[in-house]
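J.: Handing over entry.txt, compact mmCIF, C-alpha atoms.
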```txt
# COMPACT_ATOMS: atom_id res chain seq x y z
CA SER A 1 0.00 0.00 0.00
CA GLN A 2 1.04 3.58 -0.52
CA THR A 3 2.05 5.87 2.31
CA ILE A 4 3.13 9.48 2.52
CA HIS A 5 5.46 10.83 5.16
CA GLN A 6 5.89 14.47 6.02
CA TRP A 7 8.09 15.98 8.69
CA PRO A 8 8.50 17.66 11.05
CA ALA A 9 5.00 17.83 12.53
CA THR A 10 5.58 21.20 14.16
CA LEU A 11 8.25 23.83 13.69
CA VAL A 12 8.96 27.21 15.24
CA GLN A 13 11.44 29.32 13.29
CA PRO A 14 12.65 32.92 13.66
CA VAL A 15 12.06 35.46 10.91
CA GLY A 16 14.86 35.40 8.38
CA SER A 17 15.87 31.80 9.02
CA PRO A 18 15.87 29.14 6.28
CA LEU A 19 13.27 26.41 5.90
CA SER A 20 13.31 22.89 4.58
CA LEU A 21 10.27 20.63 4.73
CA GLU A 22 10.49 17.14 3.32
CA CYS A 23 7.84 14.80 1.98
CA THR A 24 8.32 11.25 0.76
CA VAL A 25 5.93 8.75 -0.76
CA GLU A 26 6.26 4.98 -0.61
CA GLY A 27 4.60 2.21 -2.55
CA THR A 28 4.08 4.00 -5.86
CA SER A 29 6.13 5.39 -8.71
CA ASN A 30 5.96 8.61 -10.71
CA PRO A 31 3.30 10.20 -8.51
CA ASN A 32 2.07 13.75 -8.95
CA LEU A 33 3.18 15.68 -5.87
CA TYR A 34 1.75 18.83 -4.33
CA TRP A 35 2.55 21.37 -1.64
CA TYR A 36 -0.33 23.30 -0.08
CA ARG A 37 -0.44 25.92 2.64
CA GLN A 38 -3.37 26.59 4.92
CA ALA A 39 -3.43 29.80 6.95
CA ALA A 40 -5.41 29.76 10.19
CA GLY A 41 -9.13 29.51 9.44
CA ARG A 42 -8.58 29.53 5.69
CA GLY A 43 -8.68 27.10 2.79
CA LEU A 44 -5.82 25.26 1.13
CA GLN A 45 -3.67 27.30 -1.20
CA LEU A 46 -1.76 25.36 -3.84
CA LEU A 47 1.89 26.40 -3.76
CA PHE A 48 3.70 23.95 -6.05
CA TYR A 49 3.03 20.77 -7.95
CA SER A 50 5.26 18.34 -9.76
CA VAL A 51 4.62 15.69 -12.38
CA GLY A 52 8.15 14.27 -12.41
CA ILE A 53 11.72 14.59 -11.21
CA GLY A 54 12.96 18.13 -11.60
CA GLN A 55 9.59 19.36 -12.93
CA ILE A 56 8.07 22.00 -10.68
CA SER A 57 5.12 24.28 -11.37
CA SER A 58 4.74 27.30 -9.13
CA GLU A 59 1.29 28.61 -8.42
CA VAL A 60 1.95 31.60 -6.20
CA PRO A 61 4.98 33.90 -6.44
CA GLN A 62 6.58 34.21 -3.03
CA ASN A 63 9.77 33.50 -1.17
CA LEU A 64 9.25 29.74 -1.20
CA SER A 65 10.68 27.21 -3.62
CA ALA A 66 10.24 23.50 -4.21
CA SER A 67 12.43 20.75 -5.55
CA ARG A 68 11.98 17.13 -6.52
CA PRO A 69 15.41 15.52 -6.45
CA GLN A 70 14.02 11.97 -6.54
CA ASP A 71 10.84 10.42 -7.90
CA ARG A 72 9.14 10.14 -4.52
CA GLN A 73 10.71 13.06 -2.67
CA PHE A 74 9.35 16.59 -2.63
CA ILE A 75 11.03 19.40 -0.70
CA LEU A 76 9.72 22.83 0.21
CA SER A 77 12.33 25.47 1.00
CA SER A 78 12.85 29.07 1.86
CA LYS A 79 16.06 31.05 2.22
CA LYS A 80 14.53 33.62 4.57
CA LEU A 81 11.23 33.11 6.34
CA LEU A 82 8.68 35.88 6.75
CA LEU A 83 6.04 36.18 9.46
CA SER A 84 3.42 35.64 6.75
CA ASP A 85 4.89 32.20 6.02
CA SER A 86 3.30 30.83 9.18
CA GLY A 87 0.69 28.19 8.47
CA PHE A 88 -0.14 24.54 8.06
CA TYR A 89 1.88 23.02 5.21
CA LEU A 90 0.50 19.92 3.57
CA CYS A 91 2.13 17.60 1.09
CA ALA A 92 -0.08 15.42 -1.11
CA TRP A 93 0.31 12.82 -3.85
CA ARG A 94 -1.86 11.44 -6.62
CA PRO A 95 -1.23 8.58 -9.03
CA THR A 96 0.23 9.64 -12.34
CA TYR A 97 -2.34 11.11 -14.69
CA ARG A 98 -4.30 8.84 -17.00
CA VAL A 99 -6.94 10.06 -19.42
CA GLY A 100 -10.45 9.56 -18.10
CA VAL A 101 -9.37 8.45 -14.64
CA ASN A 102 -10.31 10.63 -11.69
CA THR A 103 -8.13 10.05 -8.69
CA GLU A 104 -8.14 11.62 -5.28
CA ALA A 105 -5.17 13.15 -3.55
CA PHE A 106 -3.74 11.67 -0.38
CA PHE A 107 -2.29 14.00 2.21
CA GLY A 108 0.53 13.78 4.68
CA GLN A 109 -0.17 14.76 8.25
CA GLY A 110 1.13 18.27 7.72
CA THR A 111 3.69 20.58 9.29
CA ARG A 112 2.50 23.37 11.49
CA LEU A 113 4.99 26.21 11.00
CA THR A 114 5.12 29.25 13.26
CA VAL A 115 7.46 32.04 12.29
CA VAL A 116 8.33 34.25 15.25
CA ARG B 1 -12.79 35.61 -9.30
CA LYS B 2 -11.61 32.65 -7.24
CA GLU B 3 -11.27 29.36 -9.07
CA VAL B 4 -13.39 27.55 -6.49
CA GLU B 5 -15.84 29.29 -4.17
CA GLN B 6 -17.89 27.84 -1.35
CA ASP B 7 -20.65 29.06 0.92
CA PRO B 8 -19.12 30.99 3.79
CA GLY B 9 -19.73 29.33 7.14
CA PRO B 10 -20.09 28.35 9.78
CA PHE B 11 -23.24 26.25 9.64
CA ASN B 12 -24.66 25.46 13.06
CA VAL B 13 -27.34 22.79 12.94
CA PRO B 14 -29.08 20.45 15.41
CA GLU B 15 -28.61 16.71 15.27
CA GLY B 16 -30.87 15.13 12.68
CA ALA B 17 -30.98 18.20 10.46
CA THR B 18 -30.36 18.18 6.73
CA VAL B 19 -27.67 20.56 5.56
CA ALA B 20 -26.52 21.52 2.07
CA PHE B 21 -23.20 22.93 0.95
CA ASN B 22 -22.75 24.69 -2.36
CA CYS B 23 -19.68 25.29 -4.47
CA THR B 24 -19.01 26.99 -7.80
CA TYR B 25 -15.97 26.76 -10.04
CA SER B 26 -14.77 29.10 -12.75
CA ASN B 27 -12.83 26.84 -15.15
CA SER B 28 -15.30 25.23 -17.55
CA ALA B 29 -12.68 22.66 -18.56
CA SER B 30 -12.53 21.19 -15.05
CA GLN B 31 -12.82 17.45 -15.26
CA SER B 32 -13.24 15.93 -11.85
CA PHE B 33 -14.67 17.01 -8.56
CA PHE B 34 -14.46 15.94 -4.95
CA TRP B 35 -15.64 16.73 -1.48
CA TYR B 36 -13.07 16.46 1.28
CA ARG B 37 -13.56 16.59 5.00
CA GLN B 38 -11.05 18.23 7.35
CA ASP B 39 -11.17 17.81 11.09
CA CYS B 40 -9.63 20.47 13.30
CA ARG B 41 -5.85 20.61 12.94
CA LYS B 42 -5.78 17.50 10.75
CA GLU B 43 -5.08 16.81 7.10
CA PRO B 44 -8.04 16.72 4.65
CA LYS B 45 -9.44 13.33 3.73
CA LEU B 46 -11.64 12.34 0.83
CA LEU B 47 -15.33 12.24 1.67
CA MET B 48 -16.59 11.40 -1.80
CA SER B 49 -15.96 11.96 -5.46
CA VAL B 50 -18.65 13.77 -7.44
CA TYR B 51 -19.89 12.13 -10.64
CA SER B 52 -21.83 13.72 -13.46
CA SER B 53 -24.98 11.76 -12.73
CA GLY B 54 -24.82 12.53 -9.03
CA ASN B 55 -23.95 9.98 -6.41
CA GLU B 56 -24.93 8.93 -2.94
CA ASP B 57 -23.03 7.35 -0.09
CA GLY B 58 -25.24 6.66 2.90
CA ARG B 59 -26.40 9.99 4.30
CA PHE B 60 -24.29 11.96 1.83
CA THR B 61 -25.39 12.99 -1.66
CA ALA B 62 -23.23 14.86 -4.15
CA GLN B 63 -24.51 16.61 -7.26
CA LEU B 64 -22.74 18.19 -10.22
CA ASN B 65 -24.20 20.70 -12.65
CA ARG B 66 -21.66 21.29 -15.40
CA ALA B 67 -23.78 23.86 -17.21
CA SER B 68 -23.91 26.06 -14.12
CA GLN B 69 -20.44 25.00 -12.91
CA TYR B 70 -21.92 24.11 -9.59
CA ILE B 71 -21.35 21.30 -7.08
CA SER B 72 -23.36 20.47 -4.01
CA LEU B 73 -23.16 18.20 -0.98
CA LEU B 74 -26.22 17.22 1.00
CA ILE B 75 -25.94 15.65 4.44
CA ARG B 76 -29.09 14.07 5.83
CA ASP B 77 -29.75 13.17 9.45
CA SER B 78 -26.70 15.06 10.71
CA LYS B 79 -24.64 13.43 13.45
CA LEU B 80 -22.41 15.06 16.02
CA SER B 81 -19.50 13.32 14.31
CA ASP B 82 -20.24 15.21 11.07
CA SER B 83 -18.84 18.38 12.67
CA ALA B 84 -15.87 19.35 10.52
CA THR B 85 -14.89 21.62 7.66
CA TYR B 86 -16.05 20.48 4.23
CA LEU B 87 -13.87 21.36 1.27
CA CYS B 88 -14.96 21.46 -2.34
CA VAL B 89 -12.17 20.37 -4.69
CA VAL B 90 -11.87 20.77 -8.45
CA ASN B 91 -9.31 19.17 -10.75
CA ILE B 92 -8.00 21.59 -13.36
CA PRO B 93 -7.17 19.40 -16.38
CA PRO B 94 -3.67 18.69 -17.47
CA PHE B 95 -1.77 20.81 -19.88
CA TYR B 96 0.47 19.12 -22.40
CA ASN B 97 -0.08 15.78 -20.68
CA GLN B 98 1.03 17.04 -17.32
CA GLY B 99 -0.87 16.07 -14.22
CA GLY B 100 -3.93 18.03 -13.23
CA LYS B 101 -3.84 20.31 -10.23
CA LEU B 102 -6.38 20.13 -7.44
CA ILE B 103 -7.82 23.45 -6.36
CA PHE B 104 -9.58 23.67 -3.01
CA GLY B 105 -12.37 25.97 -1.98
CA GLN B 106 -11.96 27.86 1.26
CA GLY B 107 -14.10 25.33 3.12
CA THR B 108 -17.37 25.51 5.01
CA GLU B 109 -17.38 24.73 8.70
CA LEU B 110 -20.20 22.59 10.03
CA SER B 111 -21.06 22.33 13.69
CA VAL B 112 -23.72 19.81 14.68
CA LYS B 113 -25.17 20.40 18.12
CA PRO B 114 -27.08 17.96 20.37
```
Translate this file's structure into structure tokens.

T.:
Amino acid sequence: SQTIHQWPATLVQPVGSPLSLECTVEGTSNPNLYWYRQAAGRGLQLLFYSVGIGQISSEVPQNLSASRPQDRQFILSSKKLLLSDSGFYLCAWRPTYRVGVNTEAFFGQGTRLTVV
Amino acid sequence: RKEVEQDPGPFNVPEGATVAFNCTYSNSASQSFFWYRQDCRKEPKLLMSVYSSGNEDGRFTAQLNRASQYISLLIRDSKLSDSATYLCVVNIPPFYNQGGKLIFGQGTELSVKP
């Protein structure tokens, strides 16, 4: 069966510090991978998605970046955190796209980031 | 205009009530639709997919109106355990054979009271 791991669960970082959040998927190959952010009391905002190694699509211009160095590894990074980067960060995966097949996304347990 | 918009909440209902959530989407090429449930401080989990002909799963009924670009979720006989945030999700189709992206509405909070 497929599983998704995301860590750390909680993180408190000072303004201006770097960030690295990691997400890995097991039990599948060539998944579509996603990073979302959820601010307190708000919906999920799509930040990045990837359809393959080294292929990253950015949805929202900001001081975050994403990388996919391996097929089942997705990393969210920042060189300098802002207060507004606080939120609940969620990684998700879906099976690789096939015409006519609707598939749900499966989420990791999330990282709750507080920038102080 | 937001790509996916939901009724603002919260909805406060008594046990046993019927409650309906509405959602509209702006991209007419959207291909697949879902309702997710999110409990407080947890990750979202799939509640049900939404099919063109409408579909039912126990107390939950989902409807899709492609002409109006509208999705709905009906919950009958509400239980205390239904209290959560319900998220409407739309799949924006792939471009040049790339994977589709899932866009979430802002969510509607439901609170079921005894």

J.: As a list in words, could you give me every residue of chain A near chain B (at most 6 Å apart, counting only C-alpha atoms)?

T.: Arg42, Gly43, Leu44, Val51, Tyr97 and Gln109 of chain A

J.: Can you report as JSON the centre and edge lengths in Å, to one decimal, of an axis-aligned box around the listed atoms of range 3-17 of chain B padded with 6 Å on each side?

T.:
```
{"center_x": -21.1, "center_y": 23.1, "center_z": 3.2, "size_x": 31.7, "size_y": 27.9, "size_z": 36.5}
```

J.: Restricting the calculation to all atoms listed in the file: of A:Gln2, A:Leu90, A:Glu104, A:Asp71, which residue gets closest to Phe48 in chain A?

T.: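 Of the candidates, the smallest distance to Phe48 in chain A is held by A:Leu90.
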
J.: What is the distance between CA of Ala66 in chain A and CA of Ser30 in chain B, in Å to one decimal?

T.: 25.3 Å

J.: Would you mind reading off the distance between CA of Thr103 in chain A and CA of Asn32 in chain A, one decimal, in Å?

T.: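 Result for CA of Thr103 in chain A versus CA of Asn32 in chain A: 10.9 Å, one decimal.
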
J.: Please identify all polymer residues lying at most 10 Å from the point (-2.2, 2.1, -11.6) (file coordinates), using all atoms listed in the file, and present the result as a ChimeraX atom specification.

T.: /A:28-29,95-98

J.: Rounded to one decimal, what separation in Å do you get between CA of Ser72 in chain B and CA of Phe107 in chain A?

T.: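 Going from CA of Ser72 in chain B over to CA of Phe107 in chain A covers 22.9 Å.
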
J.: Need to verify the contact set: Leu11 in chain A, 8 Å, all atoms listed in the file, exclusion of same-chain residues closer than 3 positions in sequence. Can you return it as a compact mmCIF listing (two decimals) with C-alpha atoms, in the coordinates of the input?

T.:
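Result went into selection.txt, see below:
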```txt
# COMPACT_ATOMS: atom_id res chain seq x y z
CA PRO A 8 8.50 17.66 11.05
CA THR A 111 3.69 20.58 9.29
CA ARG A 112 2.50 23.37 11.49
CA LEU A 113 4.99 26.21 11.00
CA THR A 114 5.12 29.25 13.26
```

J.: Please identify all polymer residues within 7 Å of His5 in chain A, counting all atoms listed in the file, omitting same-chain residues fewer than 3 positions from it, and present them as a list of chain:residue names.

T.: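 Near neighbours after the sequence-gap exclusion: A:Cys23, A:Thr24, A:Val25, A:Gly108.
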
J.: With C-alpha atoms kept, could you save the residues just selected as a PDB file, in the coordinates of the input?

T.:
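File out_16.pdb, as written:
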```
ATOM      1  CA  CYS A  23       7.840  14.800   1.980  1.00  0.00           C
ATOM      2  CA  THR A  24       8.320  11.250   0.760  1.00  0.00           C
ATOM      3  CA  VAL A  25       5.930   8.750  -0.760  1.00  0.00           C
ATOM      4  CA  GLY A 108       0.530  13.780   4.680  1.00  0.00           C
TER       5      GLY A 108
END
```

J.: Between B:Ser53, B:Ser68, B:Ser26, B:Ser78, which residue has the minimum interatomic distance to Ile92 in chain B, considering only C-alpha atoms?

T.: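 Of B:Ser53, B:Ser68, B:Ser26, B:Ser78, the one nearest Ile92 in chain B, counting only C-alpha atoms, is B:Ser26.
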
J.: Choose the residue, out of A:Phe88, A:Trp93, A:Phe106, A:Tyr36, that has the smallest atom-to-atom separation from Arg72 in chain A; count only C-alpha atoms.

T.: A:Trp93

J.: Rank A:Leu64, A:Cys91, A:Ile53, A:Leu83 by their smallest atom-to-atom distance to Val12 in chain A, using all atoms listed in the file, and report the top residue only.

T.: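 Using all atoms listed in the file, the shortest distance to Val12 in chain A belongs to A:Leu83.
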